[in-house]
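K.L.:
If it helps, the file is called coords22.csv and holds CSV, C-alpha atoms:
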chain,number,residue,atom,x,y,z
G,331,MET,CA,3.9,-35.5,-8.3
G,332,ASP,CA,4.6,-32.2,-6.5
G,333,LYS,CA,5.1,-29.2,-8.6
G,334,HIS,CA,8.3,-27.3,-8.6
G,335,VAL,CA,7.8,-23.9,-7.0
G,336,LYS,CA,10.3,-21.1,-7.3
G,337,ILE,CA,9.7,-17.7,-5.8
G,338,TYR,CA,11.7,-14.6,-6.8
G,339,SER,CA,11.7,-12.1,-4.0
G,340,THR,CA,13.6,-9.5,-2.0
G,341,PRO,CA,14.0,-9.6,1.8
G,342,THR,CA,12.2,-6.3,2.3
G,343,CYS,CA,9.1,-6.6,0.2
G,344,PRO,CA,6.0,-7.3,2.3
G,345,TYR,CA,4.1,-9.2,-0.3
G,346,CYS,CA,7.2,-11.5,-0.7
G,347,ILE,CA,7.0,-12.3,3.0
G,348,ARG,CA,3.3,-12.9,2.8
G,349,ALA,CA,3.6,-15.1,-0.2
G,350,LYS,CA,6.3,-17.2,1.4
G,351,GLN,CA,4.3,-17.5,4.6
G,352,PHE,CA,1.3,-18.6,2.6
G,353,LEU,CA,3.3,-21.3,0.9
G,354,LYS,CA,4.7,-22.5,4.3
G,355,ASP,CA,1.2,-22.5,5.8
G,356,ASN,CA,0.1,-24.8,3.0
G,357,ASN,CA,3.1,-27.1,3.4
G,358,VAL,CA,4.3,-26.2,-0.1
G,359,ILE,CA,8.1,-26.8,-0.6
G,360,PHE,CA,9.6,-24.0,-2.5
G,361,GLU,CA,12.9,-22.6,-3.7
G,362,ASN,CA,13.4,-18.9,-2.7
G,363,VAL,CA,15.6,-16.8,-4.9
G,364,ASP,CA,16.7,-13.5,-3.5
G,365,VAL,CA,16.9,-11.2,-6.5
G,366,SER,CA,18.5,-8.4,-4.5
G,367,SER,CA,21.7,-10.3,-4.0
G,368,ASP,CA,21.8,-12.2,-7.3
G,369,ALA,CA,21.9,-10.1,-10.5
G,370,LYS,CA,21.6,-13.2,-12.7
G,371,ALA,CA,18.4,-14.3,-11.0
G,372,SER,CA,16.9,-10.8,-11.3
G,373,GLU,CA,17.6,-10.9,-15.0
G,374,GLU,CA,16.0,-14.3,-15.2
G,375,MET,CA,12.9,-13.0,-13.3
G,376,ILE,CA,12.6,-10.0,-15.6
G,377,GLU,CA,13.0,-12.3,-18.7
G,378,LYS,CA,10.3,-14.7,-17.5
G,379,SER,CA,7.8,-12.2,-16.3
G,380,GLY,CA,8.4,-9.2,-18.5
G,381,GLN,CA,8.3,-6.9,-15.5
G,382,MET,CA,10.3,-5.9,-12.5
G,383,GLY,CA,7.9,-6.2,-9.6
G,384,VAL,CA,8.4,-8.8,-6.9
G,385,PRO,CA,7.3,-11.4,-5.9
G,386,VAL,CA,7.2,-13.6,-9.0
G,387,LEU,CA,6.3,-17.2,-8.7
G,388,ASP,CA,7.3,-19.9,-11.1
G,389,ILE,CA,5.1,-22.9,-10.6
G,390,ASP,CA,6.3,-25.6,-13.1
G,391,GLY,CA,6.7,-22.9,-15.7
G,392,GLN,CA,3.5,-21.0,-15.0
G,393,ILE,CA,4.5,-17.4,-14.1
G,394,ILE,CA,2.4,-15.6,-11.4
G,395,VAL,CA,3.2,-11.9,-10.8
G,396,GLY,CA,2.5,-10.6,-7.3
G,397,PHE,CA,1.0,-12.3,-4.4
G,398,ASP,CA,-2.1,-13.5,-6.2
G,399,LYS,CA,-3.5,-16.0,-3.7
G,400,GLU,CA,-6.3,-17.2,-6.0
G,401,LYS,CA,-4.0,-17.9,-8.9
G,402,ILE,CA,-1.5,-19.6,-6.6
G,403,LYS,CA,-4.2,-21.8,-5.1
G,404,GLN,CA,-5.4,-22.7,-8.5
G,405,SER,CA,-2.0,-23.5,-9.9
G,406,LEU,CA,-1.1,-25.7,-6.9
G,407,GLY,CA,-4.6,-27.3,-6.6
G,408,LEU,CA,-5.0,-26.1,-3.0
N,132,MET,CA,-28.5,-7.0,6.6
N,133,TYR,CA,-25.3,-6.7,8.6
N,134,ASP,CA,-24.9,-4.7,11.8
N,135,LEU,CA,-21.6,-3.4,10.6
N,136,ILE,CA,-19.5,-3.4,7.4
N,137,ILE,CA,-15.9,-2.2,7.7
N,138,VAL,CA,-14.0,-1.0,4.6
N,139,GLY,CA,-10.3,-1.7,4.9
N,140,ALA,CA,-8.1,-4.0,6.9
N,141,GLY,CA,-5.2,-1.8,8.0
N,142,PRO,CA,-4.5,-1.0,11.6
N,143,ALA,CA,-7.8,1.0,11.9
N,144,GLY,CA,-10.1,-1.5,10.1
N,145,ILE,CA,-8.6,-4.6,11.9
N,146,THR,CA,-8.9,-3.0,15.3
N,147,ALA,CA,-12.5,-1.9,14.6
N,148,SER,CA,-13.2,-5.5,13.6
N,149,VAL,CA,-11.7,-6.9,16.8
N,150,TYR,CA,-13.8,-4.5,19.0
N,151,ALA,CA,-17.0,-5.2,17.0
N,152,ALA,CA,-16.5,-8.9,17.1
N,153,ARG,CA,-16.1,-8.7,20.9
N,154,LYS,CA,-19.5,-6.9,21.0
N,155,ARG,CA,-20.9,-9.8,19.0
N,156,LEU,CA,-21.9,-7.6,16.1
N,157,ASP,CA,-22.8,-9.4,12.8
N,158,LEU,CA,-20.0,-7.9,10.7
N,159,MET,CA,-18.1,-8.1,7.5
N,160,VAL,CA,-14.8,-6.7,6.4
N,161,ILE,CA,-14.3,-5.7,2.8
N,162,THR,CA,-10.7,-4.9,1.8
N,163,GLN,CA,-8.2,-4.9,-1.0
N,164,ASP,CA,-5.3,-6.0,1.1
N,165,ILE,CA,-4.4,-6.7,4.7
N,166,GLY,CA,-2.2,-4.5,6.8
N,167,GLY,CA,-2.5,-1.4,4.6
N,168,GLN,CA,0.4,1.0,4.7
N,169,ALA,CA,1.7,-0.7,7.9
N,170,ALA,CA,2.5,-3.8,5.8
N,171,TRP,CA,4.8,-1.6,3.7
N,172,SER,CA,6.6,0.0,6.6
N,173,GLY,CA,10.1,-0.9,7.4
N,174,ASP,CA,11.2,-0.9,11.0
N,175,ILE,CA,8.6,0.2,13.6
N,176,GLU,CA,9.9,1.3,17.0
N,177,ASN,CA,7.0,3.3,18.4
N,178,TYR,CA,4.2,0.9,18.7
N,179,THR,CA,3.8,0.4,22.4
N,180,GLY,CA,4.6,-3.1,23.6
N,181,TYR,CA,7.1,-3.7,20.8
N,182,GLN,CA,10.5,-2.1,21.2
N,183,PHE,CA,11.2,-3.2,17.6
N,184,ILE,CA,9.0,-4.9,15.0
N,185,THR,CA,8.9,-4.8,11.2
N,186,GLY,CA,5.8,-3.6,9.3
N,187,PRO,CA,5.1,-7.1,7.9
N,188,GLN,CA,5.5,-8.7,11.3
N,189,LEU,CA,3.1,-6.3,13.0
N,190,SER,CA,0.6,-6.7,10.2
N,191,GLN,CA,0.8,-10.4,10.6
N,192,LYS,CA,0.0,-10.1,14.3
N,193,PHE,CA,-3.0,-7.8,13.5
N,194,GLU,CA,-4.2,-10.3,11.0
N,195,GLU,CA,-3.9,-13.2,13.4
N,196,HIS,CA,-5.8,-11.2,16.0
N,197,MET,CA,-8.6,-10.5,13.6
N,198,ARG,CA,-8.8,-14.1,12.3
N,199,LYS,CA,-9.0,-15.5,15.9
N,200,PHE,CA,-12.6,-14.1,15.9
N,201,GLY,CA,-13.5,-15.9,12.6
N,202,ILE,CA,-14.5,-12.6,11.0
N,203,ASN,CA,-16.2,-12.7,7.6
N,204,LEU,CA,-13.4,-11.2,5.5
N,205,ARG,CA,-13.6,-10.4,1.8
N,206,GLU,CA,-10.1,-9.8,0.4
N,207,ASN,CA,-9.0,-8.5,-3.0
N,208,GLU,CA,-12.3,-6.6,-3.3
N,209,ALA,CA,-12.8,-3.0,-4.1
N,210,VAL,CA,-15.6,-0.9,-2.8
N,211,LEU,CA,-17.1,1.2,-5.6
N,212,GLU,CA,-19.9,3.1,-3.9
N,213,VAL,CA,-21.5,3.6,-0.5
N,214,ARG,CA,-24.9,5.2,-0.1
N,215,LYS,CA,-27.4,5.6,2.7
N,216,GLN,CA,-31.0,4.9,1.9
N,217,ASP,CA,-33.6,5.1,4.6
N,218,ASN,CA,-32.1,3.3,7.5
N,219,SER,CA,-29.6,1.1,5.7
N,220,ILE,CA,-26.3,1.6,4.1
N,221,LYS,CA,-25.7,0.1,0.6
N,222,VAL,CA,-22.2,-1.0,-0.2
N,223,LYS,CA,-21.4,-1.8,-3.9
N,224,THR,CA,-18.2,-3.6,-4.6
N,225,ASP,CA,-16.6,-5.0,-7.8
N,226,LYS,CA,-17.9,-8.4,-6.8
N,227,GLY,CA,-21.2,-7.8,-5.1
N,228,ALA,CA,-23.7,-5.6,-3.2
N,229,PHE,CA,-24.3,-5.6,0.5
N,230,GLU,CA,-26.4,-3.9,3.1
N,231,SER,CA,-25.6,-2.9,6.6
N,232,ARG,CA,-27.0,-0.7,9.5
N,233,THR,CA,-23.6,0.9,10.1
N,234,LEU,CA,-20.4,1.4,8.2
N,235,ILE,CA,-16.8,2.2,9.2
N,236,ILE,CA,-14.6,3.6,6.4
N,237,ALA,CA,-11.0,2.7,7.2
N,238,SER,CA,-9.7,2.5,3.7
N,239,GLY,CA,-6.5,4.4,4.3
N,240,LYS,CA,-4.3,6.2,1.8
N,241,ARG,CA,-2.5,5.2,-1.4
N,242,SER,CA,0.5,6.6,-3.3
N,243,ARG,CA,-0.1,9.7,-5.4
N,244,GLU,CA,0.5,9.0,-9.1
N,245,LEU,CA,2.4,11.2,-11.6
N,246,GLY,CA,-0.5,11.4,-14.0
N,247,VAL,CA,1.7,11.7,-17.1
N,248,PRO,CA,1.8,9.7,-20.4
N,249,GLY,CA,3.7,6.4,-20.1
N,250,GLU,CA,3.0,5.9,-16.3
N,251,ASN,CA,0.4,3.2,-16.6
N,252,GLU,CA,2.3,1.3,-19.3
N,253,CYS,CA,5.5,1.4,-17.3
N,254,LYS,CA,4.1,0.3,-13.9
N,255,ASN,CA,6.3,-2.6,-12.6
N,256,LYS,CA,8.4,-2.2,-15.7
N,257,GLY,CA,10.9,0.1,-14.0
N,258,LEU,CA,8.3,2.5,-12.5
N,259,THR,CA,7.4,1.7,-8.9
N,260,TYR,CA,5.8,3.3,-5.9
N,261,CYS,CA,7.7,1.2,-3.3
N,262,ALA,CA,11.5,1.8,-3.1
N,263,THR,CA,11.7,-0.6,-0.2
N,264,CYS,CA,10.2,-3.5,-2.3
N,265,ASP,CA,11.7,-3.0,-5.7
N,266,GLY,CA,14.8,-0.9,-5.0
N,267,PRO,CA,17.1,-3.9,-4.9
N,268,LEU,CA,16.4,-4.8,-8.5
N,269,PHE,CA,18.1,-1.6,-9.7
N,270,SER,CA,21.6,-2.6,-8.6
N,271,GLY,CA,24.2,-0.6,-10.5
N,272,LYS,CA,21.6,1.2,-12.6
N,273,ASP,CA,20.7,4.9,-13.0
N,274,VAL,CA,17.4,5.9,-11.4
N,275,ALA,CA,15.2,8.9,-10.7
N,276,VAL,CA,13.2,9.6,-7.6
N,277,ILE,CA,10.2,11.9,-8.0
N,278,GLY,CA,9.4,14.1,-5.0
N,279,GLY,CA,11.1,16.2,-2.4
N,280,GLY,CA,9.5,15.2,0.9
N,281,ASN,CA,10.4,12.6,3.5
N,282,SER,CA,9.3,9.6,1.6
N,283,ALA,CA,11.3,10.8,-1.5
N,284,LEU,CA,14.4,11.5,0.5
N,285,ASP,CA,14.1,8.1,2.3
N,286,ALA,CA,13.8,6.3,-1.0
N,287,ALA,CA,16.8,8.3,-2.5
N,288,ILE,CA,19.0,7.4,0.5
N,289,GLN,CA,18.1,3.7,0.2
N,290,LEU,CA,18.8,3.9,-3.5
N,291,THR,CA,22.3,5.4,-3.1
N,292,LYS,CA,23.3,2.1,-1.6
N,293,ILE,CA,22.0,0.2,-4.6
N,294,ALA,CA,21.9,2.2,-7.8
N,295,ARG,CA,24.7,4.0,-9.6
N,296,ARG,CA,23.3,7.4,-10.0
N,297,VAL,CA,20.2,8.9,-8.3
N,298,THR,CA,18.5,11.9,-9.7
N,299,ILE,CA,15.8,13.6,-7.6
N,300,ILE,CA,13.1,15.4,-9.5
N,301,ASN,CA,11.5,17.9,-7.2
N,302,ILE,CA,8.7,20.3,-8.2
N,303,ALA,CA,9.4,22.8,-5.4
N,304,PRO,CA,12.3,25.3,-5.2
N,305,GLY,CA,14.0,23.2,-2.5
N,306,LEU,CA,13.7,19.8,-0.8
N,307,THR,CA,11.1,19.7,2.0
N,308,GLY,CA,12.1,16.5,3.8
N,309,ASP,CA,14.0,16.5,7.1
N,310,PRO,CA,17.3,18.4,7.1
N,311,ILE,CA,19.1,15.3,8.4
N,312,MET,CA,18.1,13.4,5.3
N,313,GLN,CA,18.9,16.3,3.0
N,314,GLU,CA,22.4,16.5,4.3
N,315,GLN,CA,23.0,12.8,3.5
N,316,LEU,CA,22.1,13.5,-0.1
N,317,LEU,CA,23.5,17.0,-0.8
N,318,TYR,CA,27.1,15.9,-0.4
N,319,ASN,CA,26.8,12.5,-2.1
N,320,PRO,CA,28.5,12.6,-5.5
N,321,GLN,CA,26.1,9.9,-6.8
N,322,VAL,CA,23.1,12.2,-6.3
N,323,THR,CA,21.8,15.0,-8.5
N,324,ILE,CA,19.0,17.2,-7.3
N,325,LEU,CA,16.8,19.0,-9.8
N,326,ASN,CA,14.6,21.6,-8.1
N,327,ASN,CA,11.7,23.4,-9.9
N,328,ALA,CA,11.5,20.4,-12.1
N,329,LYS,CA,8.7,18.0,-13.1
N,330,VAL,CA,8.2,14.8,-15.1
N,331,GLY,CA,6.5,15.3,-18.5
N,332,ALA,CA,6.4,11.6,-19.5
N,333,VAL,CA,7.8,8.2,-18.8
N,334,LEU,CA,9.5,6.6,-21.7
N,335,GLY,CA,10.0,3.0,-22.7
N,336,SER,CA,8.1,0.3,-24.5
N,337,LYS,CA,9.2,-2.9,-22.8
N,338,MET,CA,11.0,-1.5,-19.8
N,339,VAL,CA,11.6,2.1,-18.7
N,340,THR,CA,14.4,3.7,-20.7
N,341,GLY,CA,14.0,7.3,-19.4
N,342,ILE,CA,11.8,10.2,-18.4
N,343,LYS,CA,11.1,13.6,-19.9
N,344,VAL,CA,12.0,16.3,-17.4
N,345,LEU,CA,10.6,19.8,-17.6
N,346,LYS,CA,12.9,22.5,-16.0
N,347,ASP,CA,13.3,26.2,-16.7
N,348,ALA,CA,10.9,26.0,-19.6
N,349,LYS,CA,13.1,23.4,-21.2
N,350,GLU,CA,12.4,19.7,-21.8
N,351,GLU,CA,15.2,17.2,-21.6
N,352,THR,CA,15.4,13.5,-21.6
N,353,LEU,CA,17.0,11.7,-18.7
N,354,ALA,CA,18.1,8.2,-19.3
N,355,VAL,CA,17.1,6.0,-16.3
N,356,ALA,CA,16.1,2.4,-15.8
N,357,GLY,CA,14.1,3.0,-12.7
N,358,VAL,CA,11.5,5.6,-11.7
N,359,PHE,CA,10.5,5.8,-8.1
N,360,VAL,CA,7.4,7.9,-7.5
N,361,GLU,CA,7.4,9.2,-4.0
N,362,MET,CA,5.0,12.2,-4.0
N,363,GLY,CA,3.1,11.5,-0.9
N,364,LEU,CA,-0.3,9.9,-0.4
N,365,ILE,CA,-4.0,10.5,-1.2
N,366,PRO,CA,-7.0,9.2,0.8
N,367,ASN,CA,-9.0,6.3,-0.6
N,368,SER,CA,-12.3,8.2,-0.1
N,369,HIS,CA,-13.5,8.4,-3.7
N,370,PHE,CA,-16.3,5.8,-3.2
N,371,ALA,CA,-17.9,7.8,-0.4
N,372,GLY,CA,-19.8,10.2,-2.5
N,373,ASP,CA,-22.1,12.0,0.1
N,374,VAL,CA,-19.6,11.8,3.0
N,375,ALA,CA,-18.1,15.2,3.8
N,376,LYS,CA,-14.4,15.6,3.1
N,377,ASN,CA,-11.8,18.3,3.6
N,378,GLU,CA,-9.8,19.9,0.8
N,379,LEU,CA,-7.3,17.0,0.9
N,380,GLY,CA,-10.1,14.5,0.3
N,381,GLU,CA,-9.9,13.2,3.9
N,382,ILE,CA,-13.2,12.2,5.5
N,383,LYS,CA,-14.2,14.7,8.2
N,384,VAL,CA,-14.9,13.0,11.5
N,385,ASN,CA,-15.6,14.3,15.0
N,386,GLY,CA,-14.2,13.0,18.3
N,387,ARG,CA,-16.6,10.0,18.1
N,388,ASN,CA,-15.5,9.1,14.5
N,389,GLU,CA,-18.9,10.2,13.2
N,390,THR,CA,-19.1,11.5,9.7
N,391,ASN,CA,-21.9,13.9,8.5
N,392,ILE,CA,-24.1,10.9,7.7
N,393,PRO,CA,-25.6,9.1,10.8
N,394,GLY,CA,-24.5,5.5,10.8
N,395,ILE,CA,-21.4,6.1,8.7
N,396,PHE,CA,-18.2,6.3,10.7
N,397,ALA,CA,-14.6,6.6,9.6
N,398,ALA,CA,-11.2,5.9,11.2
N,399,GLY,CA,-7.5,6.1,10.5
N,400,ASP,CA,-5.5,7.7,7.7
N,401,VAL,CA,-8.5,8.2,5.4
N,402,THR,CA,-9.9,10.7,7.9
N,403,ASP,CA,-8.8,14.3,8.9
N,404,VAL,CA,-7.6,13.0,12.3
N,405,PRO,CA,-4.4,15.0,13.1
N,406,GLU,CA,-1.3,12.8,12.8
N,407,LYS,CA,-1.1,9.6,10.8
N,408,GLN,CA,0.4,6.9,12.9
N,409,ILE,CA,-0.2,3.1,13.2
N,410,ILE,CA,-1.1,3.4,16.9
N,411,ILE,CA,-3.4,6.4,16.2
N,412,ALA,CA,-5.1,4.5,13.4
N,413,ALA,CA,-5.6,1.5,15.7
N,414,GLY,CA,-7.0,3.7,18.5
N,415,GLU,CA,-9.3,5.5,16.1
N,416,GLY,CA,-10.6,2.1,14.8
N,417,SER,CA,-11.5,1.0,18.3
N,418,LYS,CA,-13.4,4.3,18.9
N,419,ALA,CA,-15.3,4.0,15.6
N,420,ALA,CA,-16.4,0.4,16.5
N,421,LEU,CA,-17.6,1.5,19.9
N,422,SER,CA,-19.4,4.5,18.4
N,423,ALA,CA,-21.1,2.2,15.8
N,424,PHE,CA,-22.1,-0.2,18.6
N,425,ARG,CA,-23.6,2.8,20.6
N,426,TYR,CA,-25.5,3.9,17.5
N,427,LEU,CA,-27.0,0.5,17.0
N,428,ILE,CA,-28.2,0.4,20.6
N,429,GLN,CA,-29.6,3.9,20.6
N,430,ASN,CA,-31.5,3.3,17.4
N,431,ARG,CA,-32.7,-0.1,18.8
N,432,PHE,CA,-31.6,-2.1,15.8
Any chance you could put this one into structure tokens?
P.N.:
Amino acid sequence: MDKHVKIYSTPTCPYCIRAKQFLKDNNVIFENVDVSSDAKASEEMIEKSGQMGVPVLDIDGQIIVGFDKEKIKQSLGL
Amino acid sequence: MYDLIIVGAGPAGITASVYAARKRLDLMVITQDIGGQAAWSGDIENYTGYQFITGPQLSQKFEEHMRKFGINLRENEAVLEVRKQDNSIKVKTDKGAFESRTLIIASGKRSRELGVPGENECKNKGLTYCATCDGPLFSGKDVAVIGGGNSALDAAIQLTKIARRVTIINIAPGLTGDPIMQEQLLYNPQVTILNNAKVGAVLGSKMVTGIKVLKDAKEETLAVAGVFVEMGLIPNSHFAGDVAKNELGEIKVNGRNETNIPGIFAAGDVTDVPEKQIIIAAGEGSKAALSAFRYLIQNRF
């Protein structure tokens, strides 16, 4: 079964854009959460990752901070 | 042994790689990221051919152009040392060691750090070097911007639209950024400007809770949730031990992008080239690649 992928991002951060592009290029379906317009989501992201940098990926509960291509690949089995 | 190793994949490194690939050189690019500072730029309106493009979009186009040539690219890799021995240049990274006949250093610049206690511990926990990226997370909060130049004022202006209160901590007696930006801040009631002030420490265990500010021989604690460090840039030239640099740490190059060491070239923001612009870095990258090519021919490698 496909993993549930959630990405916490802001519209202006370059690594968020790159991370989303990477997921798209690999045909990964993901839910994008814009933390700049959703205070609750930003609290949720800080809670989950213990930090405030974007992007943060939540792949079936595994938290990846930043656009860490290798970790994302591993987690998704790409 | 490679013909050419390029360090960095910003506008200079990528352009050098495209030129070198078209000369059919056996080359490799070693870099930490792709796009360099251009990837962090907001709107770009002075790159010929594009009346308007964003930094990430332009970087994406650069990357596509490079990848079209199937260039051997090592990403997320840091160069630790480069050294010339006999007729070859040894490149040591955090993941391996390589050898090449020529080298182009196009490793750009990075944000200057505060260098105070608490900075490392608070990175990404309220302390950031990219207001454009992380600013939106500080909605309704109190924040501090460290610096007084254009990048600091730009960050402060962006933050006035997001945060509640913005305090600018400026080491100089007055702001040095463009007057048009200063005016936008001076009369904004959300903004406090502390001149002749510096940061003594960043406070907070889990997340940033404040900073220690030193001003007029007094130390005070300022409660903030966000610290935006905008004190300019320093060149990534530390690994180039024997390569001559100026007082700013920028690699000295001549009009042909040659350094003091034959076979080692440099291009873009890491060099002492006047003016740091994306289009200049790209042009310098092409010059460096052509110079490296000429060097290889002249030395009959």
K.L.:
For Tyr345 (chain G), which residue out of G:Gly407, G:Gly391, G:Gly380, G:Gly396 is the nearest one, using all atoms listed in the file?
P.N.:
G:Gly396
K.L.:
Name all residues at most 12 Å from region 352-365 of chain G (count only C-alpha atoms; drop same-chain ones fewer than 6 positions away) and give them as a PDB file with C-alpha atoms, keeping the file's coordinate frame.
P.N.:
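And here is the file that came out, out_9.pdb:
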ATOM      1  CA  ASP G 332       4.600 -32.200  -6.500  1.00  0.00           C
ATOM      2  CA  LYS G 333       5.100 -29.200  -8.600  1.00  0.00           C
ATOM      3  CA  HIS G 334       8.300 -27.300  -8.600  1.00  0.00           C
ATOM      4  CA  VAL G 335       7.800 -23.900  -7.000  1.00  0.00           C
ATOM      5  CA  LYS G 336      10.300 -21.100  -7.300  1.00  0.00           C
ATOM      6  CA  ILE G 337       9.700 -17.700  -5.800  1.00  0.00           C
ATOM      7  CA  TYR G 338      11.700 -14.600  -6.800  1.00  0.00           C
ATOM      8  CA  SER G 339      11.700 -12.100  -4.000  1.00  0.00           C
ATOM      9  CA  THR G 340      13.600  -9.500  -2.000  1.00  0.00           C
ATOM     10  CA  PRO G 341      14.000  -9.600   1.800  1.00  0.00           C
ATOM     11  CA  THR G 342      12.200  -6.300   2.300  1.00  0.00           C
ATOM     12  CA  CYS G 343       9.100  -6.600   0.200  1.00  0.00           C
ATOM     13  CA  TYR G 345       4.100  -9.200  -0.300  1.00  0.00           C
ATOM     14  CA  CYS G 346       7.200 -11.500  -0.700  1.00  0.00           C
ATOM     15  CA  ALA G 371      18.400 -14.300 -11.000  1.00  0.00           C
ATOM     16  CA  SER G 372      16.900 -10.800 -11.300  1.00  0.00           C
ATOM     17  CA  GLU G 373      17.600 -10.900 -15.000  1.00  0.00           C
ATOM     18  CA  GLU G 374      16.000 -14.300 -15.200  1.00  0.00           C
ATOM     19  CA  MET G 375      12.900 -13.000 -13.300  1.00  0.00           C
ATOM     20  CA  ILE G 376      12.600 -10.000 -15.600  1.00  0.00           C
ATOM     21  CA  MET G 382      10.300  -5.900 -12.500  1.00  0.00           C
ATOM     22  CA  GLY G 383       7.900  -6.200  -9.600  1.00  0.00           C
ATOM     23  CA  VAL G 384       8.400  -8.800  -6.900  1.00  0.00           C
ATOM     24  CA  PRO G 385       7.300 -11.400  -5.900  1.00  0.00           C
ATOM     25  CA  VAL G 386       7.200 -13.600  -9.000  1.00  0.00           C
ATOM     26  CA  LEU G 387       6.300 -17.200  -8.700  1.00  0.00           C
ATOM     27  CA  ASP G 388       7.300 -19.900 -11.100  1.00  0.00           C
ATOM     28  CA  ILE G 389       5.100 -22.900 -10.600  1.00  0.00           C
ATOM     29  CA  ASP G 390       6.300 -25.600 -13.100  1.00  0.00           C
ATOM     30  CA  PHE G 397       1.000 -12.300  -4.400  1.00  0.00           C
ATOM     31  CA  ASP G 398      -2.100 -13.500  -6.200  1.00  0.00           C
ATOM     32  CA  LYS G 399      -3.500 -16.000  -3.700  1.00  0.00           C
ATOM     33  CA  GLU G 400      -6.300 -17.200  -6.000  1.00  0.00           C
ATOM     34  CA  ILE G 402      -1.500 -19.600  -6.600  1.00  0.00           C
ATOM     35  CA  LYS G 403      -4.200 -21.800  -5.100  1.00  0.00           C
ATOM     36  CA  SER G 405      -2.000 -23.500  -9.900  1.00  0.00           C
ATOM     37  CA  LEU G 406      -1.100 -25.700  -6.900  1.00  0.00           C
ATOM     38  CA  GLY G 407      -4.600 -27.300  -6.600  1.00  0.00           C
ATOM     39  CA  LEU G 408      -5.000 -26.100  -3.000  1.00  0.00           C
TER      40      LEU G 408
ATOM     41  CA  GLN N 191       0.800 -10.400  10.600  1.00  0.00           C
ATOM     42  CA  CYS N 264      10.200  -3.500  -2.300  1.00  0.00           C
ATOM     43  CA  ASP N 265      11.700  -3.000  -5.700  1.00  0.00           C
ATOM     44  CA  GLY N 266      14.800  -0.900  -5.000  1.00  0.00           C
ATOM     45  CA  PRO N 267      17.100  -3.900  -4.900  1.00  0.00           C
ATOM     46  CA  LEU N 268      16.400  -4.800  -8.500  1.00  0.00           C
ATOM     47  CA  PHE N 269      18.100  -1.600  -9.700  1.00  0.00           C
ATOM     48  CA  SER N 270      21.600  -2.600  -8.600  1.00  0.00           C
TER      49      SER N 270
END
K.L.:
What lies within 9 Å of region 413-429 of chain N using all atoms listed in the file, ignoring chain neighbours under 4 positions off, as a PDB file with C-alpha atoms, in the coordinates of the input?
P.N.:
ATOM      1  CA  ASP N 134     -24.900  -4.700  11.800  1.00  0.00           C
ATOM      2  CA  LEU N 135     -21.600  -3.400  10.600  1.00  0.00           C
ATOM      3  CA  GLY N 141      -5.200  -1.800   8.000  1.00  0.00           C
ATOM      4  CA  PRO N 142      -4.500  -1.000  11.600  1.00  0.00           C
ATOM      5  CA  ALA N 143      -7.800   1.000  11.900  1.00  0.00           C
ATOM      6  CA  GLY N 144     -10.100  -1.500  10.100  1.00  0.00           C
ATOM      7  CA  ILE N 145      -8.600  -4.600  11.900  1.00  0.00           C
ATOM      8  CA  THR N 146      -8.900  -3.000  15.300  1.00  0.00           C
ATOM      9  CA  ALA N 147     -12.500  -1.900  14.600  1.00  0.00           C
ATOM     10  CA  SER N 148     -13.200  -5.500  13.600  1.00  0.00           C
ATOM     11  CA  VAL N 149     -11.700  -6.900  16.800  1.00  0.00           C
ATOM     12  CA  TYR N 150     -13.800  -4.500  19.000  1.00  0.00           C
ATOM     13  CA  ALA N 151     -17.000  -5.200  17.000  1.00  0.00           C
ATOM     14  CA  LYS N 154     -19.500  -6.900  21.000  1.00  0.00           C
ATOM     15  CA  LEU N 156     -21.900  -7.600  16.100  1.00  0.00           C
ATOM     16  CA  ARG N 232     -27.000  -0.700   9.500  1.00  0.00           C
ATOM     17  CA  THR N 233     -23.600   0.900  10.100  1.00  0.00           C
ATOM     18  CA  LEU N 234     -20.400   1.400   8.200  1.00  0.00           C
ATOM     19  CA  ILE N 235     -16.800   2.200   9.200  1.00  0.00           C
ATOM     20  CA  ALA N 237     -11.000   2.700   7.200  1.00  0.00           C
ATOM     21  CA  GLY N 386     -14.200  13.000  18.300  1.00  0.00           C
ATOM     22  CA  ARG N 387     -16.600  10.000  18.100  1.00  0.00           C
ATOM     23  CA  ASN N 388     -15.500   9.100  14.500  1.00  0.00           C
ATOM     24  CA  GLU N 389     -18.900  10.200  13.200  1.00  0.00           C
ATOM     25  CA  PRO N 393     -25.600   9.100  10.800  1.00  0.00           C
ATOM     26  CA  GLY N 394     -24.500   5.500  10.800  1.00  0.00           C
ATOM     27  CA  ILE N 395     -21.400   6.100   8.700  1.00  0.00           C
ATOM     28  CA  PHE N 396     -18.200   6.300  10.700  1.00  0.00           C
ATOM     29  CA  ALA N 397     -14.600   6.600   9.600  1.00  0.00           C
ATOM     30  CA  ALA N 398     -11.200   5.900  11.200  1.00  0.00           C
ATOM     31  CA  GLY N 399      -7.500   6.100  10.500  1.00  0.00           C
ATOM     32  CA  VAL N 404      -7.600  13.000  12.300  1.00  0.00           C
ATOM     33  CA  GLN N 408       0.400   6.900  12.900  1.00  0.00           C
ATOM     34  CA  ILE N 409      -0.200   3.100  13.200  1.00  0.00           C
TER      35      ILE N 409
END
K.L.:
Please report the interatomic distance between CA of Thr402 (chain N) and CA of Lys383 (chain N) in Å with one decimal.
P.N.:
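Distance between the two atoms: 5.9 Å.
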K.L.:
Using only C-alpha atoms, find the one residue out of N:Ile136, N:Ile293, N:Ala348, N:Leu211 that sits nearest to chain G.
P.N.:
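Residue with the minimum atom-to-atom distance to chain G: N:Ile293.
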K.L.:
Just how far from CA of Ala371 (chain N) is CA of Ser190 (chain N), in Å to one decimal?
P.N.:
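CA of Ser190 (chain N) sits 25.8 Å away from CA of Ala371 (chain N).
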